[in-house]
file entry_32.pdb (PDB, C-alpha atoms, pLDDT in the B column)
MODEL        1
ATOM      1  CA  MET Z  91       0.000   0.000   0.000  1.00 52.00           C
ATOM      2  CA  ALA Z  92       2.864   2.332   0.737  1.00 52.00           C
ATOM      3  CA  GLY Z  93       4.019   1.895  -2.852  1.00 52.00           C
ATOM      4  CA  ALA Z  94       0.573   2.876  -4.177  1.00 52.00           C
ATOM      5  CA  SER Z  95       0.474   6.159  -2.266  1.00 49.00           C
ATOM      6  CA  LYS Z  96       3.899   7.163  -3.623  1.00 49.00           C
ATOM      7  CA  MET Z  97       2.600   6.456  -7.135  1.00 48.00           C
ATOM      8  CA  GLU Z  98      -0.511   8.622  -6.565  1.00 47.00           C
ATOM      9  CA  LYS Z  99       1.556  11.539  -5.290  1.00 45.00           C
ATOM     10  CA  ARG Z 100       3.843  11.412  -8.279  1.00 46.00           C
ATOM     11  CA  ASP Z 101       0.902  11.417 -10.748  1.00 47.00           C
ATOM     12  CA  SER Z 102      -0.855  14.283  -8.995  1.00 52.00           C
ATOM     13  CA  SER Z 103       2.282  16.454  -8.811  1.00 50.00           C
ATOM     14  CA  HIS Z 104       2.994  15.806 -12.503  1.00 54.00           C
ATOM     15  CA  GLY Z 105      -0.546  16.936 -13.411  1.00 54.00           C
ATOM     16  CA  LYS Z 106       0.012  20.392 -11.885  1.00 59.00           C
ATOM     17  CA  VAL Z 107       2.962  21.291 -14.120  1.00 63.00           C
ATOM     18  CA  LYS Z 108       1.895  22.139 -17.692  1.00 69.00           C
ATOM     19  CA  PRO Z 109       4.524  21.874 -20.402  1.00 85.00           C
ATOM     20  CA  ALA Z 110       5.157  25.017 -22.473  1.00 85.00           C
ATOM     21  CA  LEU Z 111       3.915  23.262 -25.619  1.00 87.00           C
ATOM     22  CA  GLU Z 112       0.458  22.782 -24.084  1.00 88.00           C
ATOM     23  CA  TRP Z 113       0.241  26.488 -23.208  1.00 89.00           C
ATOM     24  CA  PHE Z 114       1.338  27.422 -26.724  1.00 91.00           C
ATOM     25  CA  ALA Z 115      -1.264  25.102 -28.310  1.00 91.00           C
ATOM     26  CA  ALA Z 116      -3.963  26.489 -26.024  1.00 92.00           C
ATOM     27  CA  GLY Z 117      -3.001  30.062 -26.989  1.00 93.00           C
ATOM     28  CA  VAL Z 118      -3.104  29.263 -30.707  1.00 94.00           C
ATOM     29  CA  GLY Z 119      -6.500  27.588 -30.281  1.00 95.00           C
ATOM     30  CA  LEU Z 120      -7.855  30.599 -28.378  1.00 96.00           C
ATOM     31  CA  ALA Z 121      -6.556  33.027 -31.019  1.00 96.00           C
ATOM     32  CA  LEU Z 122      -8.116  31.027 -33.869  1.00 96.00           C
ATOM     33  CA  THR Z 123     -11.429  30.741 -32.045  1.00 96.00           C
ATOM     34  CA  LEU Z 124     -11.579  34.492 -31.331  1.00 95.00           C
ATOM     35  CA  ALA Z 125     -10.650  35.286 -34.946  1.00 95.00           C
ATOM     36  CA  LEU Z 126     -13.405  33.006 -36.260  1.00 94.00           C
ATOM     37  CA  VAL Z 127     -16.033  34.452 -33.918  1.00 94.00           C
ATOM     38  CA  GLY Z 128     -14.980  37.979 -34.906  1.00 92.00           C
ATOM     39  CA  PHE Z 129     -15.224  37.145 -38.603  1.00 89.00           C
ATOM     40  CA  LEU Z 130     -18.689  35.627 -38.166  1.00 88.00           C
ATOM     41  CA  PHE Z 131     -19.924  38.747 -36.345  1.00 85.00           C
ATOM     42  CA  TRP Z 132     -18.476  40.957 -39.073  1.00 82.00           C
ATOM     43  CA  GLU Z 133     -20.157  38.889 -41.813  1.00 75.00           C
ATOM     44  CA  ALA Z 134     -23.473  38.914 -39.941  1.00 75.00           C
ATOM     45  CA  PHE Z 135     -23.659  42.699 -39.980  1.00 76.00           C
ATOM     46  CA  GLN Z 136     -22.633  43.201 -43.616  1.00 70.00           C
ATOM     47  CA  LYS Z 137     -25.393  44.090 -46.056  1.00 66.00           C
ATOM     48  CA  PRO Z 138     -24.399  42.479 -49.370  1.00 58.00           C
ATOM     49  CA  GLY Z 139     -27.874  43.076 -50.831  1.00 55.00           C
ATOM     50  CA  GLN Z 140     -27.074  46.777 -51.179  1.00 75.00           C
ATOM     51  CA  VAL Z 141     -24.355  46.079 -53.769  1.00 85.00           C
ATOM     52  CA  PRO Z 142     -25.624  44.777 -57.118  1.00 91.00           C
ATOM     53  CA  PRO Z 143     -23.900  41.829 -58.777  1.00 94.00           C
ATOM     54  CA  ASP Z 144     -21.003  42.793 -61.057  1.00 96.00           C
ATOM     55  CA  VAL Z 145     -20.988  40.104 -63.746  1.00 97.00           C
ATOM     56  CA  THR Z 146     -18.657  40.008 -66.742  1.00 98.00           C
ATOM     57  CA  ALA Z 147     -18.399  37.383 -69.480  1.00 98.00           C
ATOM     58  CA  GLU Z 148     -15.348  36.378 -71.457  1.00 97.00           C
ATOM     59  CA  LEU Z 149     -14.310  33.701 -73.926  1.00 97.00           C
ATOM     60  CA  GLU Z 150     -12.160  31.059 -72.272  1.00 97.00           C
ATOM     61  CA  MET Z 151     -11.473  28.699 -75.179  1.00 97.00           C
ATOM     62  CA  VAL Z 152     -12.914  27.249 -78.387  1.00 97.00           C
ATOM     63  CA  THR Z 153     -13.240  23.516 -78.945  1.00 97.00           C
ATOM     64  CA  GLU Z 154     -14.087  21.798 -82.215  1.00 97.00           C
ATOM     65  CA  VAL Z 155     -16.931  19.273 -81.853  1.00 96.00           C
ATOM     66  CA  GLU Z 156     -18.889  17.183 -84.316  1.00 95.00           C
ATOM     67  CA  GLY Z 157     -20.973  19.557 -86.381  1.00 91.00           C
ATOM     68  CA  GLY Z 158     -19.326  22.807 -85.271  1.00 96.00           C
ATOM     69  CA  PHE Z 159     -17.519  24.597 -82.482  1.00 97.00           C
ATOM     70  CA  VAL Z 160     -18.130  25.280 -78.795  1.00 97.00           C
ATOM     71  CA  ALA Z 161     -17.126  28.666 -77.424  1.00 97.00           C
ATOM     72  CA  GLU Z 162     -16.554  28.110 -73.703  1.00 98.00           C
ATOM     73  CA  ILE Z 163     -17.660  31.148 -71.725  1.00 97.00           C
ATOM     74  CA  VAL Z 164     -16.681  32.210 -68.188  1.00 98.00           C
ATOM     75  CA  ALA Z 165     -19.120  34.442 -66.313  1.00 98.00           C
ATOM     76  CA  ARG Z 166     -17.415  36.067 -63.322  1.00 98.00           C
ATOM     77  CA  ASN Z 167     -19.263  37.841 -60.476  1.00 97.00           C
ATOM     78  CA  ARG Z 168     -16.909  40.275 -58.738  1.00 95.00           C
ATOM     79  CA  ALA Z 169     -19.462  41.591 -56.216  1.00 92.00           C
ATOM     80  CA  PRO Z 170     -20.367  39.889 -52.910  1.00 88.00           C
ATOM     81  CA  THR Z 171     -24.000  39.607 -54.006  1.00 89.00           C
ATOM     82  CA  THR Z 172     -25.340  36.466 -55.706  1.00 93.00           C
ATOM     83  CA  ALA Z 173     -26.877  36.677 -59.178  1.00 96.00           C
ATOM     84  CA  ALA Z 174     -29.405  34.217 -60.601  1.00 97.00           C
ATOM     85  CA  ALA Z 175     -30.617  33.640 -64.163  1.00 97.00           C
ATOM     86  CA  VAL Z 176     -27.693  35.589 -65.627  1.00 98.00           C
ATOM     87  CA  MET Z 177     -28.290  36.000 -69.344  1.00 98.00           C
ATOM     88  CA  VAL Z 178     -25.332  36.482 -71.692  1.00 98.00           C
ATOM     89  CA  SER Z 179     -25.775  37.241 -75.397  1.00 98.00           C
ATOM     90  CA  ALA Z 180     -23.154  36.594 -78.050  1.00 98.00           C
ATOM     91  CA  GLU Z 181     -22.602  37.926 -81.536  1.00 97.00           C
ATOM     92  CA  LEU Z 182     -20.107  36.404 -83.946  1.00 97.00           C
ATOM     93  CA  LYS Z 183     -19.022  39.211 -86.271  1.00 96.00           C
ATOM     94  CA  ASP Z 184     -17.019  39.591 -89.441  1.00 95.00           C
ATOM     95  CA  GLY Z 185     -16.319  43.315 -89.409  1.00 94.00           C
ATOM     96  CA  GLU Z 186     -19.729  44.993 -89.178  1.00 95.00           C
ATOM     97  CA  GLU Z 187     -21.647  41.922 -90.387  1.00 96.00           C
ATOM     98  CA  THR Z 188     -23.188  39.640 -87.775  1.00 96.00           C
ATOM     99  CA  ILE Z 189     -22.642  36.018 -88.804  1.00 96.00           C
ATOM    100  CA  ALA Z 190     -24.288  34.255 -85.866  1.00 96.00           C
ATOM    101  CA  THR Z 191     -25.864  34.996 -82.503  1.00 97.00           C
ATOM    102  CA  GLY Z 192     -26.388  33.014 -79.352  1.00 96.00           C
ATOM    103  CA  GLU Z 193     -27.563  33.256 -75.773  1.00 97.00           C
ATOM    104  CA  ILE Z 194     -26.712  31.393 -72.614  1.00 97.00           C
ATOM    105  CA  THR Z 195     -28.281  31.616 -69.164  1.00 97.00           C
ATOM    106  CA  PHE Z 196     -26.268  30.852 -66.040  1.00 97.00           C
ATOM    107  CA  ASP Z 197     -28.670  29.648 -63.370  1.00 97.00           C
ATOM    108  CA  TYR Z 198     -26.651  30.836 -60.404  1.00 95.00           C
ATOM    109  CA  ILE Z 199     -23.390  32.752 -59.860  1.00 97.00           C
ATOM    110  CA  PRO Z 200     -22.529  33.247 -56.177  1.00 96.00           C
ATOM    111  CA  GLY Z 201     -20.748  36.400 -55.070  1.00 92.00           C
ATOM    112  CA  ARG Z 202     -17.026  36.566 -55.832  1.00 94.00           C
ATOM    113  CA  SER Z 203     -17.074  33.418 -57.956  1.00 97.00           C
ATOM    114  CA  LEU Z 204     -17.471  32.245 -61.522  1.00 97.00           C
ATOM    115  CA  ASN Z 205     -19.464  29.830 -63.625  1.00 97.00           C
ATOM    116  CA  ARG Z 206     -18.764  28.274 -67.016  1.00 97.00           C
ATOM    117  CA  GLY Z 207     -20.917  27.404 -70.006  1.00 97.00           C
ATOM    118  CA  GLY Z 208     -20.712  26.914 -73.755  1.00 97.00           C
ATOM    119  CA  LEU Z 209     -22.205  28.330 -76.929  1.00 97.00           C
ATOM    120  CA  PHE Z 210     -22.402  26.293 -80.146  1.00 97.00           C
ATOM    121  CA  PHE Z 211     -21.510  27.823 -83.498  1.00 97.00           C
ATOM    122  CA  ASP Z 212     -21.321  26.481 -87.054  1.00 96.00           C
ATOM    123  CA  ARG Z 213     -18.213  28.567 -87.767  1.00 95.00           C
ATOM    124  CA  ASP Z 214     -14.963  28.818 -85.816  1.00 96.00           C
ATOM    125  CA  PRO Z 215     -15.237  31.781 -83.390  1.00 97.00           C
ATOM    126  CA  ARG Z 216     -11.439  32.125 -83.376  1.00 96.00           C
ATOM    127  CA  GLN Z 217     -11.558  33.389 -86.968  1.00 96.00           C
ATOM    128  CA  TYR Z 218     -14.108  36.112 -86.178  1.00 97.00           C
ATOM    129  CA  GLU Z 219     -14.841  38.607 -83.448  1.00 96.00           C
ATOM    130  CA  LEU Z 220     -17.002  37.243 -80.624  1.00 97.00           C
ATOM    131  CA  GLU Z 221     -18.819  39.970 -78.693  1.00 97.00           C
ATOM    132  CA  LEU Z 222     -20.231  38.896 -75.323  1.00 98.00           C
ATOM    133  CA  ARG Z 223     -22.662  41.016 -73.353  1.00 98.00           C
ATOM    134  CA  VAL Z 224     -24.255  40.371 -69.964  1.00 98.00           C
ATOM    135  CA  MET Z 225     -27.927  41.207 -70.482  1.00 97.00           C
ATOM    136  CA  GLY Z 226     -29.388  40.835 -66.994  1.00 96.00           C
ATOM    137  CA  TYR Z 227     -29.918  38.838 -63.815  1.00 96.00           C
ATOM    138  CA  THR Z 228     -32.457  38.214 -61.082  1.00 95.00           C
ATOM    139  CA  GLU Z 229     -32.019  38.154 -57.313  1.00 90.00           C
ATOM    140  CA  PRO Z 230     -32.226  34.613 -55.941  1.00 87.00           C
TER     141      PRO Z 230
ENDMDL
END
call {"tool": "encode", "arguments": {"input": "entry_32.pdb", "output": "structure tokens"}}
result
Amino acid sequence: MAGASKMEKRDSSHGKVKPALEWFAAGVGLALTLALVGFLFWEAFQKPGQVPPDVTAELEMVTEVEGGFVAEIVARNRAPTTAAAVMVSAELKDGEETIATGEITFDYIPGRSLNRGGLFFDRDPRQYELELRVMGYTEP
């Protein structure tokens, strides 16, 4: 029994001394937790609905497919506000003459993100001028 009490004393005295690494880890955990809580409060009081979506469309690449070409389009929303039903029109032009037109609708583009889609053409868009124009959006 005397041996057991010595063992208990040693365990209890060891438990009172915290290694420096534990204090460091606890401090890092506290700092991360406070930073996350602060960020969540900041986000909660922002009013992103007051800023309209800022959507642009650009040609990413052209791929030849059976029966024509696909012009791959990137629609980028630079604002924090989400845009839905984003309509983009396209005109394939040879100088002043419009050779072909197309439209694509992106269902949903979250704030500060992008979405991709494709437009089909009979002629190679790389040999002509492709004008893209964002026509409109709705609020989700």
call {"tool": "atom_distance", "arguments": {"input": "entry_32.pdb", "atom1": "atom CA of Z:Ile189", "atom2": "atom CA of Z:Arg223"}}
result
16.2 Å
call {"tool": "resolve_selection", "arguments": {"input": "entry_32.pdb", "expression": "the PyMOL selection byres ((chain Z and resi 157) around 10)", "output": "list in words"}}
result
Glu154, Val155, Glu156, Gly158, Phe159, Val160, Phe210, Phe211, Asp212 and Arg213 of chain Z
call {"tool": "write_last_selection", "arguments": {"input": "entry_32.pdb", "atoms": "C-alpha atoms", "output": "CSV table (one decimal), in the frame of the given file"}}
result
chain,number,residue,atom,x,y,z
Z,154,GLU,CA,-14.1,21.8,-82.2
Z,155,VAL,CA,-16.9,19.3,-81.9
Z,156,GLU,CA,-18.9,17.2,-84.3
Z,158,GLY,CA,-19.3,22.8,-85.3
Z,159,PHE,CA,-17.5,24.6,-82.5
Z,160,VAL,CA,-18.1,25.3,-78.8
Z,210,PHE,CA,-22.4,26.3,-80.1
Z,211,PHE,CA,-21.5,27.8,-83.5
Z,212,ASP,CA,-21.3,26.5,-87.1
Z,213,ARG,CA,-18.2,28.6,-87.8
call {"tool": "atom_distance", "arguments": {"input": "entry_32.pdb", "atom1": "atom CA of Z:Leu220", "atom2": "atom CA of Z:Thr171"}}
result
27.6 Å
call {"tool": "residues_around", "arguments": {"input": "entry_32.pdb", "residues": "Z:Glu229", "least_positions_apart": "6", "cutoff": "8 Å", "atoms": "all atoms listed in the file", "output": "PyMOL selection string"}}
result
chain Z and resi 172-174
call {"tool": "atom_distance", "arguments": {"input": "entry_32.pdb", "atom1": "atom CA of Z:Leu204", "atom2": "atom CA of Z:Leu122"}}
result
29.2 Å
call {"tool": "resolve_selection", "arguments": {"input": "entry_32.pdb", "expression": "the PyMOL selection byres ((chain Z and resi 167) around 8)", "output": "JSON list (two decimals) with C-alpha atoms, keeping the file's coordinate frame"}}
result
[["chain", "number", "residue", "atom", "x", "y", "z"],
["Z", 143, "PRO", "CA", -23.90, 41.83, -58.78],
["Z", 144, "ASP", "CA", -21.00, 42.79, -61.06],
["Z", 145, "VAL", "CA", -20.99, 40.10, -63.75],
["Z", 146, "THR", "CA", -18.66, 40.01, -66.74],
["Z", 165, "ALA", "CA", -19.12, 34.44, -66.31],
["Z", 166, "ARG", "CA", -17.42, 36.07, -63.32],
["Z", 168, "ARG", "CA", -16.91, 40.28, -58.74],
["Z", 169, "ALA", "CA", -19.46, 41.59, -56.22],
["Z", 170, "PRO", "CA", -20.37, 39.89, -52.91],
["Z", 172, "THR", "CA", -25.34, 36.47, -55.71],
["Z", 173, "ALA", "CA", -26.88, 36.68, -59.18],
["Z", 199, "ILE", "CA", -23.39, 32.75, -59.86],
["Z", 200, "PRO", "CA", -22.53, 33.25, -56.18],
["Z", 201, "GLY", "CA", -20.75, 36.40, -55.07],
["Z", 202, "ARG", "CA", -17.03, 36.57, -55.83],
["Z", 203, "SER", "CA", -17.07, 33.42, -57.96],
["Z", 204, "LEU", "CA", -17.47, 32.24, -61.52]]
call {"tool": "closest_residue", "arguments": {"input": "entry_32.pdb", "among": "Z:Leu222, Z:Ala134, Z:Leu111, Z:Leu182", "to": "Z:Val164", "atoms": "all atoms listed in the file"}}
result
Z:Leu222
call {"tool": "residues_around", "arguments": {"input": "entry_32.pdb", "residues": "Z:Ala161", "least_positions_apart": "6", "cutoff": "6 Å", "atoms": "all atoms listed in the file", "output": "list in words"}}
result
Val152, Gly208 and Leu209 of chain Z
call {"tool": "write_last_selection", "arguments": {"input": "entry_32.pdb", "atoms": "C-alpha atoms", "output": "mmCIF file, keeping the file's coordinate frame"}}
result
data_model
loop_
_atom_site.group_PDB
_atom_site.id
_atom_site.type_symbol
_atom_site.label_atom_id
_atom_site.label_comp_id
_atom_site.auth_asym_id
_atom_site.auth_seq_id
_atom_site.Cartn_x
_atom_site.Cartn_y
_atom_site.Cartn_z
ATOM 1 C CA VAL Z 152 -12.914 27.249 -78.387
ATOM 2 C CA GLY Z 208 -20.712 26.914 -73.755
ATOM 3 C CA LEU Z 209 -22.205 28.330 -76.929
#
call {"tool": "resolve_selection", "arguments": {"input": "entry_32.pdb", "expression": "the PyMOL selection byres ((chain Z and resi 225) around 7)", "output": "number ranges by chain"}}
result
Z: 177-179, 223-224, 226
call {"tool": "decode", "arguments": {"input": "entry_32.pdb", "residues": "stretch 143-221 of chain Z", "atoms": "C-alpha atoms", "output": "mmCIF file, in the first residue's frame"}}
result
data_model
loop_
_atom_site.group_PDB
_atom_site.id
_atom_site.type_symbol
_atom_site.label_atom_id
_atom_site.label_comp_id
_atom_site.auth_asym_id
_atom_site.auth_seq_id
_atom_site.Cartn_x
_atom_site.Cartn_y
_atom_site.Cartn_z
ATOM 1 C CA PRO Z 143 -23.900 41.829 -58.777
ATOM 2 C CA ASP Z 144 -21.003 42.793 -61.057
ATOM 3 C CA VAL Z 145 -20.988 40.104 -63.746
ATOM 4 C CA THR Z 146 -18.657 40.008 -66.742
ATOM 5 C CA ALA Z 147 -18.399 37.383 -69.480
ATOM 6 C CA GLU Z 148 -15.348 36.378 -71.457
ATOM 7 C CA LEU Z 149 -14.310 33.701 -73.926
ATOM 8 C CA GLU Z 150 -12.160 31.059 -72.272
ATOM 9 C CA MET Z 151 -11.473 28.699 -75.179
ATOM 10 C CA VAL Z 152 -12.914 27.249 -78.387
ATOM 11 C CA THR Z 153 -13.240 23.516 -78.945
ATOM 12 C CA GLU Z 154 -14.087 21.798 -82.215
ATOM 13 C CA VAL Z 155 -16.931 19.273 -81.853
ATOM 14 C CA GLU Z 156 -18.889 17.183 -84.316
ATOM 15 C CA GLY Z 157 -20.973 19.557 -86.381
ATOM 16 C CA GLY Z 158 -19.326 22.807 -85.271
ATOM 17 C CA PHE Z 159 -17.519 24.597 -82.482
ATOM 18 C CA VAL Z 160 -18.130 25.280 -78.795
ATOM 19 C CA ALA Z 161 -17.126 28.666 -77.424
ATOM 20 C CA GLU Z 162 -16.554 28.110 -73.703
ATOM 21 C CA ILE Z 163 -17.660 31.148 -71.725
ATOM 22 C CA VAL Z 164 -16.681 32.210 -68.188
ATOM 23 C CA ALA Z 165 -19.120 34.442 -66.313
ATOM 24 C CA ARG Z 166 -17.415 36.067 -63.322
ATOM 25 C CA ASN Z 167 -19.263 37.841 -60.476
ATOM 26 C CA ARG Z 168 -16.909 40.275 -58.738
ATOM 27 C CA ALA Z 169 -19.462 41.591 -56.216
ATOM 28 C CA PRO Z 170 -20.367 39.889 -52.910
ATOM 29 C CA THR Z 171 -24.000 39.607 -54.006
ATOM 30 C CA THR Z 172 -25.340 36.466 -55.706
ATOM 31 C CA ALA Z 173 -26.877 36.677 -59.178
ATOM 32 C CA ALA Z 174 -29.405 34.217 -60.601
ATOM 33 C CA ALA Z 175 -30.617 33.640 -64.163
ATOM 34 C CA VAL Z 176 -27.693 35.589 -65.627
ATOM 35 C CA MET Z 177 -28.290 36.000 -69.344
ATOM 36 C CA VAL Z 178 -25.332 36.482 -71.692
ATOM 37 C CA SER Z 179 -25.775 37.241 -75.397
ATOM 38 C CA ALA Z 180 -23.154 36.594 -78.050
ATOM 39 C CA GLU Z 181 -22.602 37.926 -81.536
ATOM 40 C CA LEU Z 182 -20.107 36.404 -83.946
ATOM 41 C CA LYS Z 183 -19.022 39.211 -86.271
ATOM 42 C CA ASP Z 184 -17.019 39.591 -89.441
ATOM 43 C CA GLY Z 185 -16.319 43.315 -89.409
ATOM 44 C CA GLU Z 186 -19.729 44.993 -89.178
ATOM 45 C CA GLU Z 187 -21.647 41.922 -90.387
ATOM 46 C CA THR Z 188 -23.188 39.640 -87.775
ATOM 47 C CA ILE Z 189 -22.642 36.018 -88.804
ATOM 48 C CA ALA Z 190 -24.288 34.255 -85.866
ATOM 49 C CA THR Z 191 -25.864 34.996 -82.503
ATOM 50 C CA GLY Z 192 -26.388 33.014 -79.352
ATOM 51 C CA GLU Z 193 -27.563 33.256 -75.773
ATOM 52 C CA ILE Z 194 -26.712 31.393 -72.614
ATOM 53 C CA THR Z 195 -28.281 31.616 -69.164
ATOM 54 C CA PHE Z 196 -26.268 30.852 -66.040
ATOM 55 C CA ASP Z 197 -28.670 29.648 -63.370
ATOM 56 C CA TYR Z 198 -26.651 30.836 -60.404
ATOM 57 C CA ILE Z 199 -23.390 32.752 -59.860
ATOM 58 C CA PRO Z 200 -22.529 33.247 -56.177
ATOM 59 C CA GLY Z 201 -20.748 36.400 -55.070
ATOM 60 C CA ARG Z 202 -17.026 36.566 -55.832
ATOM 61 C CA SER Z 203 -17.074 33.418 -57.956
ATOM 62 C CA LEU Z 204 -17.471 32.245 -61.522
ATOM 63 C CA ASN Z 205 -19.464 29.830 -63.625
ATOM 64 C CA ARG Z 206 -18.764 28.274 -67.016
ATOM 65 C CA GLY Z 207 -20.917 27.404 -70.006
ATOM 66 C CA GLY Z 208 -20.712 26.914 -73.755
ATOM 67 C CA LEU Z 209 -22.205 28.330 -76.929
ATOM 68 C CA PHE Z 210 -22.402 26.293 -80.146
ATOM 69 C CA PHE Z 211 -21.510 27.823 -83.498
ATOM 70 C CA ASP Z 212 -21.321 26.481 -87.054
ATOM 71 C CA ARG Z 213 -18.213 28.567 -87.767
ATOM 72 C CA ASP Z 214 -14.963 28.818 -85.816
ATOM 73 C CA PRO Z 215 -15.237 31.781 -83.390
ATOM 74 C CA ARG Z 216 -11.439 32.125 -83.376
ATOM 75 C CA GLN Z 217 -11.558 33.389 -86.968
ATOM 76 C CA TYR Z 218 -14.108 36.112 -86.178
ATOM 77 C CA GLU Z 219 -14.841 38.607 -83.448
ATOM 78 C CA LEU Z 220 -17.002 37.243 -80.624
ATOM 79 C CA GLU Z 221 -18.819 39.970 -78.693
#
